[in-house]
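To start, the structure under review is shown below, and the notes come after it.
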Amino acid sequence: MDPIWLIVLGLSGLLGLAVLMYPASHRLNIPYTVLLAMTGCLLGYFAEWGIDLPHFGILSDFLTGLQSFNISSDAVLFIFLPVLVFEAALGIDSHRLMDDIGSILLLAIIGLLISAFMVAYALHWVSGVSLIVCLLLGAIVSATDPVAVMAIFKELQAPKRLSVLVEGESLFNDATAIVLFGILATMLTGNSNVDISSGVQSFLIVFLFGIFTGLAMGYSFCLVLSRMGKYPLVQITLTLSLAYFSFILAEHYLHVSGVMAVVGAALVVGSFGHATLSPETWKKLHETWDHFAFWTNSVIFVLVGMVVPKIMENISLDEWLLLAVLVVTGFGARALILFGLLPLFEKKTAKINNAYKGVMLWGGLRGAVSLALALSVIENTLIAPEIQRYIGVLVTGFVLFTLLINATTIRPVLKLFGLDQLDPADQIIRSKALKHSLAKIQNSLKSKASDQNISPEWSEDILKHYQKDEEEVDLLLEQSKEISEDDWIRVGLFDLCALERTAYLKQFEEGFISTYIIRRLLAQVEDMLDGLQTGNAGYKKSSIKNLDFNWRFHLALALHRRFGYGKMLSMHLADRFEILLSSQAVIKGNLLPSLPKMESLIGKKAGENLRALIEHRLKKVEQALHMLQLQYPDYFQTLQKRYLNNLASRLQEADYEQLREEKIISGEVFKNLEEDLQDRIQKNKLRPTLDLNQEPEKLVRGVSLFSNIPADRLNHISRLLKPMLAVPGETIVKKGAIGHAMYFISSGCVEVEMLPAPIRLGSGDFFGEIALIKKYPRTFSVKALAFCDLLVLSDSDFNLFLDDNPEIRKTLSETAEKRIEMDGLR
């Protein structure tokens with residue numbers, strides 16, 4: 001066994017060498033992962049061919065130490081993969097992921113299966129090797145690594161939804177490939193009799209239970225994290241433990257998908273970390289995981305590259321031909337998925353154009369997971385040596401092709417699709433912005449030179465360069481075709497989205513909003529940017545859609561109505577309050593004041609239209625906020641007081657800081673004052689709980705129909721009536737439907753869609769009685785115009801209710817007759 005110091009030397013040298021490749025890759029203009037793999041291959045060549053450097057001292061010892069690292073499939077899967085998967089999943093917005101989960105799963109599962117079968121049948125037909133072996137190979141090479149293409153998307157400012165699709169597909173297809181690989185490897189080694197039916201069943205069990213394991217682990221660790229608020233280093237370290245523990249528990253003990261367990265655990269931490277970690281700790285957590293992923297990626301590509309020379313030794317002409325077939329079929333299958341399967345699930349608001357799909361196709365690299373699975377085959381003594389070589393050579397060759405060919409030529413591909421150039425509109429915008437900047441610089445230089453008594457000859461010499469640049473810009477503008485007013489508005493909207501993002505981040509840094517709320521707000525900005533990809537109307541549509549109640553809110557609403565569980569609904573309403581208040585503050589305080597400055601760039605008419613667009617958005621936000629305020633006035637006042645307390649604390653903190661800087665107070669006094677202030681800030685961070693006010697007794701008192709009923713009977717009525725919260729725009733009763741309940745309005749307003757004109761009902765009114773009294777289908781549709789507290793009387797309790805309250809029976813019957821006459825149903 002090598003001395004421990006030699007192993008440490010090899011490990012430290014390897015890490016240092018790997019991370020130094022990062023600046024080298026930028027200097028050489030070579031993708032980082034490609035340079036790492038090339039370095040690994042070179043080191044593997046030295047190790048494989050026994051090249052010794054006895055006269056180079058520490059360098060010779062370093063190479064000897066490297067030889068002690070015998071990279072295996074288990075090392076890749078159990079040491080490196082949990083870190084890479086956890087970091088990738090932690091950075092994904094789970095809300096956006098769930099919005100596209102159907103498309104992602106179909107791409108990751110159905111897409112991978114299509115790719116695996118296409119590769120398998122092509123190689124089986126060409127080589128005559130067993131179909132099971134070829135399917136195994138197809139599963140291995142179908143898992144994509146999105147690192148390179150994601151970096152390019154960031155540079156291109158690709159739609160956020162596209163990035164989520166690519167990252168989500170990569171995470172899930174890694175798991176799909178590993179699960180499918182396990183099933184096929186079992187079939188190949190003859191350890192069990194697996195047919196198609198049992199294979200599908202095994203796949204679903206391993207895949208789904210892997211997710212459930214990760215979710216359970218994530219929730220458990222979040223409970224622990226919530227109790228460690230005073231120890232941020234402990235919280236961050238526990239997330240590292242979670243990544244490994246969830247993977248090993250799932251993979252080794254429960255025999256389900258470890259990758260899906262890690263994905264599930266990371267998504268839980270990413271979703272609920274805002275409630276358990278402070279903003280400072282949350283930021284440090286992401287920075288720490290960025291470091292973990294960088295180190296892991298750096299080391300793994302070198303180590304994996306080191307095994308390449310051994311695997312690819314003495315490759316034959318037949319194997320080169322099979323590799324060519326694999327490359328053509330693999331990318332053909334990927335093209336079919338992107339251009340054939342993906343369009344079925346594209347949304348109109350964020351359609352992925354063919355240029356982006358082309359980049360996704362060519363940028364679909366294969367990396368560590370594929371090589372790890374190939375190593376697993378090579379290490380399996382139950383698999384015949386010829387099959388080991390067949391899979392090892394083809395997988396390694398395919399991975400090298402994607403790294404050495406695809407990754408290094410991705411820039412020409414961008415140029416081919418025209419993604420490396422600004423479009424004509426953006427070129428004009430760039431020229432106008434540059435002209436504005438050059439003119440400002442020249443004026444400032446003249447002024448500064450005069451103030452500093454600098455010789456006019458020297459200043460004029462410098463100014464000539466800027467004047468020449470300005471003349472070139474003027475020439476470009478003369479040669480360019482003027483862009484439309486809509487394009488200028490689009491420019492302004494892009495700038496406003498950037499400004500809005502910055503304003504929300506400032507609110508977060510100052511402690512006015514939580515980590516969860518900032519993620520929601522930034523996601524809204526990204527939605528509007530995605531909408532802009534389809535034009536200005538897309539921005540307007542996205543901004544209004546952000547005010548809608550999403551499926552999560554409706555799920556919380558359904559749980560409250562069906563089971564009386566109101567905690568989730570209360571949380572969603574409180575979130576809506578904070579989001580609307582933050583949006584209102586940013587639109588009023590940041591967006592509208594910036595519009596006059598924009599007119600110098602985009603023009604007065606475009607500026608006026610841009611103002612109208614932003615004012616319309618503000619009106620919609622204020623309407624939504626006003627409806628909430630009317631429904632929950634006490635909670636709104638509590639939030640306003642909380643905001644003022646937070647503002648006062650921040651002003652006090654800034655004052656303490658200034659006193660310390662001016663040496664008016666000492667560091668010890670400042671620390672003492674700061675400790676007291678931080679206690680107050682922490683207490684104020686706790687958001688008050690929103691009371692839904694859904695107690696039946698309180699709601700019954702709001703209905704004038706029950707105002708003269710004695711207290712004892714009122715309690716009995718309360719037990720028959722079920723409270724229900726209706727939200728603005730919700731259709732409570734649909735015309736023509738069979739009625740199973742009637743409704744009393746405790747507070748709020750609804751609209752009855754009658755002819756010739758709709759009528760409105762408010763607090764104390766009721767509706768839906770005709771269907772129960774006359775046994776008619778619903779005669780009108782009724783829609784909530786605001787938040788409404790309703791009391792629901794089911795048809796099963798209707799007659800009992802009327803028998804006990806004859807005076808109410810009379811009122812309901814008379815009202816029903818009048819409404820029937822108004823609608824002409826007699």
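Here, A, B, ... name the chains of the structure tokens in the order displayed, residue numbers run from 1 inside each chain, and ligands are numbered from 1 in the same displayed order.
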Report as a PyMOL selection string: the residues of region 741-805 of chain A with a DSSP assignment of strand (DSSP E or B), based on the backbone of this structure.
chain A and resi 741-747+750-752+759-761+766-767+777+782-784+788-794
Members of region 304-351 of chain A assigned helix (DSSP H, G or I) by DSSP, as a PyMOL selection string
chain A and resi 304-311+317-345+348-350
Spatial neighbours of region 89-98 of chain A, max dist 9 Å, only C-alpha atoms, sep filter under 3 positions, as an MDAnalysis selection string
chainID A and resid 84:86 101:102 104 161 164:165 167:168 171 262:271 286 289 519:520 523
Using only C-alpha atoms, which protein or nucleic acid residues come within 12 Å of Ile462 (chain A)? Drop anything in the same chain fewer than 5 positions from it, and give the result as a PyMOL selection string.
chain A and resi 441-442+445-446+449+454-457+467-469
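Proximity ranking of A:Asn805, A:Thr33, A:Thr296, A:Ser543 relative to His716 (chain A) places A:Asn805 first, based on only C-alpha atoms.
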Taking 2 positions as the minimum chain separation for residues in the same chain, which residues sit within 10 Å of Ile315 (chain A) when counting only C-alpha atoms? Answer as a ChimeraX atom specification.
/A:311-313,317-320,389,393-394,397
Keeping only all heavy atoms, take the residues you just selected and write them out as a CSV table (one decimal), in the first residue's frame.
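See part17.csv below for the written result:
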chain,number,residue,atom,x,y,z
A,311,ILE,N,-9.1,1.8,-22.0
A,311,ILE,CA,-10.3,1.3,-22.7
A,311,ILE,C,-10.1,1.3,-24.2
A,311,ILE,O,-10.5,0.4,-24.9
A,311,ILE,CB,-11.5,2.0,-22.2
A,311,ILE,CG1,-11.8,1.9,-20.7
A,311,ILE,CG2,-12.7,1.6,-23.0
A,311,ILE,CD1,-12.9,2.7,-20.2
A,312,MET,N,-9.6,2.4,-24.7
A,312,MET,CA,-9.5,2.6,-26.1
A,312,MET,C,-8.2,2.0,-26.8
A,312,MET,O,-7.9,2.2,-27.9
A,312,MET,CB,-9.5,4.1,-26.5
A,312,MET,CG,-10.8,4.8,-26.0
A,312,MET,SD,-12.3,4.1,-26.8
A,312,MET,CE,-12.1,4.8,-28.5
A,313,GLU,N,-7.5,1.2,-26.0
A,313,GLU,CA,-6.3,0.6,-26.5
A,313,GLU,C,-6.6,-0.4,-27.7
A,313,GLU,O,-7.5,-1.2,-27.6
A,313,GLU,CB,-5.5,-0.1,-25.4
A,313,GLU,CG,-4.2,-0.8,-25.8
A,313,GLU,CD,-3.6,-1.5,-24.6
A,313,GLU,OE1,-4.3,-1.6,-23.5
A,313,GLU,OE2,-2.5,-2.0,-24.8
A,317,LEU,N,-10.7,-1.5,-36.8
A,317,LEU,CA,-11.4,-0.8,-37.9
A,317,LEU,C,-12.9,-1.0,-37.7
A,317,LEU,O,-13.7,-0.1,-37.9
A,317,LEU,CB,-11.0,-1.2,-39.3
A,317,LEU,CG,-11.7,-0.6,-40.5
A,317,LEU,CD1,-11.5,1.0,-40.4
A,317,LEU,CD2,-11.2,-1.2,-41.8
A,318,ASP,N,-13.3,-2.3,-37.4
A,318,ASP,CA,-14.7,-2.6,-37.2
A,318,ASP,C,-15.3,-1.8,-36.1
A,318,ASP,O,-16.5,-1.3,-36.2
A,318,ASP,CB,-14.9,-4.1,-36.9
A,318,ASP,CG,-14.6,-5.0,-38.2
A,318,ASP,OD1,-14.6,-4.4,-39.3
A,318,ASP,OD2,-14.4,-6.2,-38.0
A,319,GLU,N,-14.5,-1.6,-35.0
A,319,GLU,CA,-15.0,-0.8,-33.9
A,319,GLU,C,-15.2,0.6,-34.3
A,319,GLU,O,-16.1,1.3,-33.8
A,319,GLU,CB,-14.1,-1.0,-32.7
A,319,GLU,CG,-14.2,-2.4,-32.1
A,319,GLU,CD,-13.1,-2.7,-31.0
A,319,GLU,OE1,-12.0,-2.1,-31.2
A,319,GLU,OE2,-13.3,-3.5,-30.1
A,320,TRP,N,-14.3,1.1,-35.1
A,320,TRP,CA,-14.4,2.5,-35.6
A,320,TRP,C,-15.7,2.7,-36.4
A,320,TRP,O,-16.4,3.7,-36.3
A,320,TRP,CB,-13.2,2.9,-36.5
A,320,TRP,CG,-12.0,3.3,-35.7
A,320,TRP,CD1,-10.8,2.7,-35.7
A,320,TRP,CD2,-11.9,4.5,-34.9
A,320,TRP,NE1,-9.9,3.3,-34.9
A,320,TRP,CE2,-10.5,4.5,-34.4
A,320,TRP,CE3,-12.7,5.5,-34.5
A,320,TRP,CZ2,-10.1,5.5,-33.5
A,320,TRP,CZ3,-12.2,6.5,-33.7
A,320,TRP,CH2,-10.9,6.5,-33.2
A,389,ARG,N,-15.8,-5.3,-23.7
A,389,ARG,CA,-15.0,-4.4,-24.6
A,389,ARG,C,-15.9,-3.7,-25.6
A,389,ARG,O,-15.7,-2.5,-25.9
A,389,ARG,CB,-14.0,-5.3,-25.4
A,389,ARG,CG,-13.2,-4.4,-26.4
A,389,ARG,CD,-12.0,-5.1,-27.0
A,389,ARG,NE,-11.4,-4.2,-28.0
A,389,ARG,CZ,-10.6,-3.2,-27.7
A,389,ARG,NH1,-10.3,-2.9,-26.4
A,389,ARG,NH2,-10.1,-2.5,-28.7
A,393,VAL,N,-15.6,0.3,-25.3
A,393,VAL,CA,-15.0,1.0,-26.5
A,393,VAL,C,-16.0,2.0,-27.1
A,393,VAL,O,-15.7,3.2,-27.3
A,393,VAL,CB,-14.5,0.1,-27.5
A,393,VAL,CG1,-14.2,0.8,-28.8
A,393,VAL,CG2,-13.3,-0.7,-27.0
A,394,LEU,N,-17.3,1.5,-27.3
A,394,LEU,CA,-18.3,2.3,-28.0
A,394,LEU,C,-18.7,3.5,-27.1
A,394,LEU,O,-18.9,4.6,-27.6
A,394,LEU,CB,-19.5,1.5,-28.4
A,394,LEU,CG,-19.2,0.5,-29.6
A,394,LEU,CD1,-20.5,-0.2,-30.0
A,394,LEU,CD2,-18.6,1.2,-30.8
A,397,GLY,N,-15.8,6.0,-26.8
A,397,GLY,CA,-15.6,6.7,-28.1
A,397,GLY,C,-16.7,7.7,-28.3
A,397,GLY,O,-16.4,8.8,-28.8
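Residues with any atom within 6 Å of region 39-48 of chain A, counting only C-alpha atoms and excluding same-chain neighbours fewer than 3 positions away, are Leu36, Ile51, Val302, Leu303, Gly305, Met306 and Pro309 of chain A.
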Any chance you can output those residues with N, CA, C and O atoms as a PDB file, in the first residue's frame?
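Printed below is again24.pdb as written:
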ATOM      1  N   LEU A  36     -10.180  19.341 -19.305  1.00  0.00           N
ATOM      2  CA  LEU A  36     -10.022  18.400 -18.195  1.00  0.00           C
ATOM      3  C   LEU A  36      -9.877  16.967 -18.700  1.00  0.00           C
ATOM      4  O   LEU A  36      -9.006  16.220 -18.242  1.00  0.00           O
ATOM      5  N   ILE A  51       5.329   5.343 -18.133  1.00  0.00           N
ATOM      6  CA  ILE A  51       6.351   6.372 -18.329  1.00  0.00           C
ATOM      7  C   ILE A  51       6.788   6.893 -16.964  1.00  0.00           C
ATOM      8  O   ILE A  51       5.968   7.367 -16.172  1.00  0.00           O
ATOM      9  N   VAL A 302     -11.062  14.612 -14.945  1.00  0.00           N
ATOM     10  CA  VAL A 302      -9.671  14.188 -15.042  1.00  0.00           C
ATOM     11  C   VAL A 302      -9.551  12.698 -14.742  1.00  0.00           C
ATOM     12  O   VAL A 302      -8.887  11.939 -15.470  1.00  0.00           O
ATOM     13  N   LEU A 303     -10.207  12.257 -13.655  1.00  0.00           N
ATOM     14  CA  LEU A 303     -10.122  10.842 -13.269  1.00  0.00           C
ATOM     15  C   LEU A 303     -10.724   9.929 -14.325  1.00  0.00           C
ATOM     16  O   LEU A 303     -10.170   8.873 -14.643  1.00  0.00           O
ATOM     17  N   GLY A 305     -11.042  10.680 -17.478  1.00  0.00           N
ATOM     18  CA  GLY A 305     -10.169  10.740 -18.636  1.00  0.00           C
ATOM     19  C   GLY A 305      -8.965   9.820 -18.511  1.00  0.00           C
ATOM     20  O   GLY A 305      -8.451   9.307 -19.514  1.00  0.00           O
ATOM     21  N   MET A 306      -8.534   9.567 -17.277  1.00  0.00           N
ATOM     22  CA  MET A 306      -7.359   8.721 -17.060  1.00  0.00           C
ATOM     23  C   MET A 306      -7.584   7.265 -17.467  1.00  0.00           C
ATOM     24  O   MET A 306      -6.640   6.546 -17.767  1.00  0.00           O
ATOM     25  N   PRO A 309      -7.314   5.858 -22.047  1.00  0.00           N
ATOM     26  CA  PRO A 309      -6.289   5.159 -22.836  1.00  0.00           C
ATOM     27  C   PRO A 309      -6.351   3.638 -22.689  1.00  0.00           C
ATOM     28  O   PRO A 309      -6.131   2.914 -23.675  1.00  0.00           O
TER      29      PRO A 309
END
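Non-sequential neighbours of Ala726 (chain A) (distance at most 7 Å, separation of 2 or more positions within a chain, only C-alpha atoms) are Met724, Pro728, Glu730, Ala784, Phe787, Cys788 and Asp789 of chain A.
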Those selected residues, please, written with N, CA, C and O atoms and delivered as a tab-separated table (two decimals), in the first residue's frame.
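For reference, out23.tsv as written:
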chain	number	residue	atom	x	y	z
A	724	MET	N	-67.33	28.51	2.98
A	724	MET	CA	-66.61	28.35	1.71
A	724	MET	C	-66.06	29.71	1.29
A	724	MET	O	-66.78	30.72	1.33
A	728	PRO	N	-61.89	35.81	-6.60
A	728	PRO	CA	-62.34	36.64	-7.73
A	728	PRO	C	-62.23	35.89	-9.06
A	728	PRO	O	-61.22	35.25	-9.35
A	730	GLU	N	-63.98	33.34	-9.99
A	730	GLU	CA	-64.39	31.94	-9.91
A	730	GLU	C	-65.87	31.78	-10.23
A	730	GLU	O	-66.72	32.53	-9.73
A	784	ALA	N	-67.94	35.00	-8.84
A	784	ALA	CA	-67.46	35.87	-7.77
A	784	ALA	C	-66.71	37.05	-8.37
A	784	ALA	O	-65.83	36.88	-9.22
A	787	PHE	N	-63.27	38.44	-3.38
A	787	PHE	CA	-63.25	37.36	-2.39
A	787	PHE	C	-64.60	37.34	-1.68
A	787	PHE	O	-65.11	38.39	-1.26
A	788	CYS	N	-65.17	36.17	-1.56
A	788	CYS	CA	-66.50	36.04	-0.96
A	788	CYS	C	-66.48	34.96	0.12
A	788	CYS	O	-66.01	33.85	-0.11
A	789	ASP	N	-67.00	35.32	1.29
A	789	ASP	CA	-67.24	34.34	2.34
A	789	ASP	C	-68.67	33.83	2.18
A	789	ASP	O	-69.63	34.59	2.36
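Between CA of Arg713 (chain A) and CA of Gly739 (chain A) there is a distance of 26.1 Å.
Proximity of A:Arg760, A:Glu379, A:Leu341, A:Leu720 to Leu800 (chain A), computed with only C-alpha atoms, is greatest for A:Leu720.
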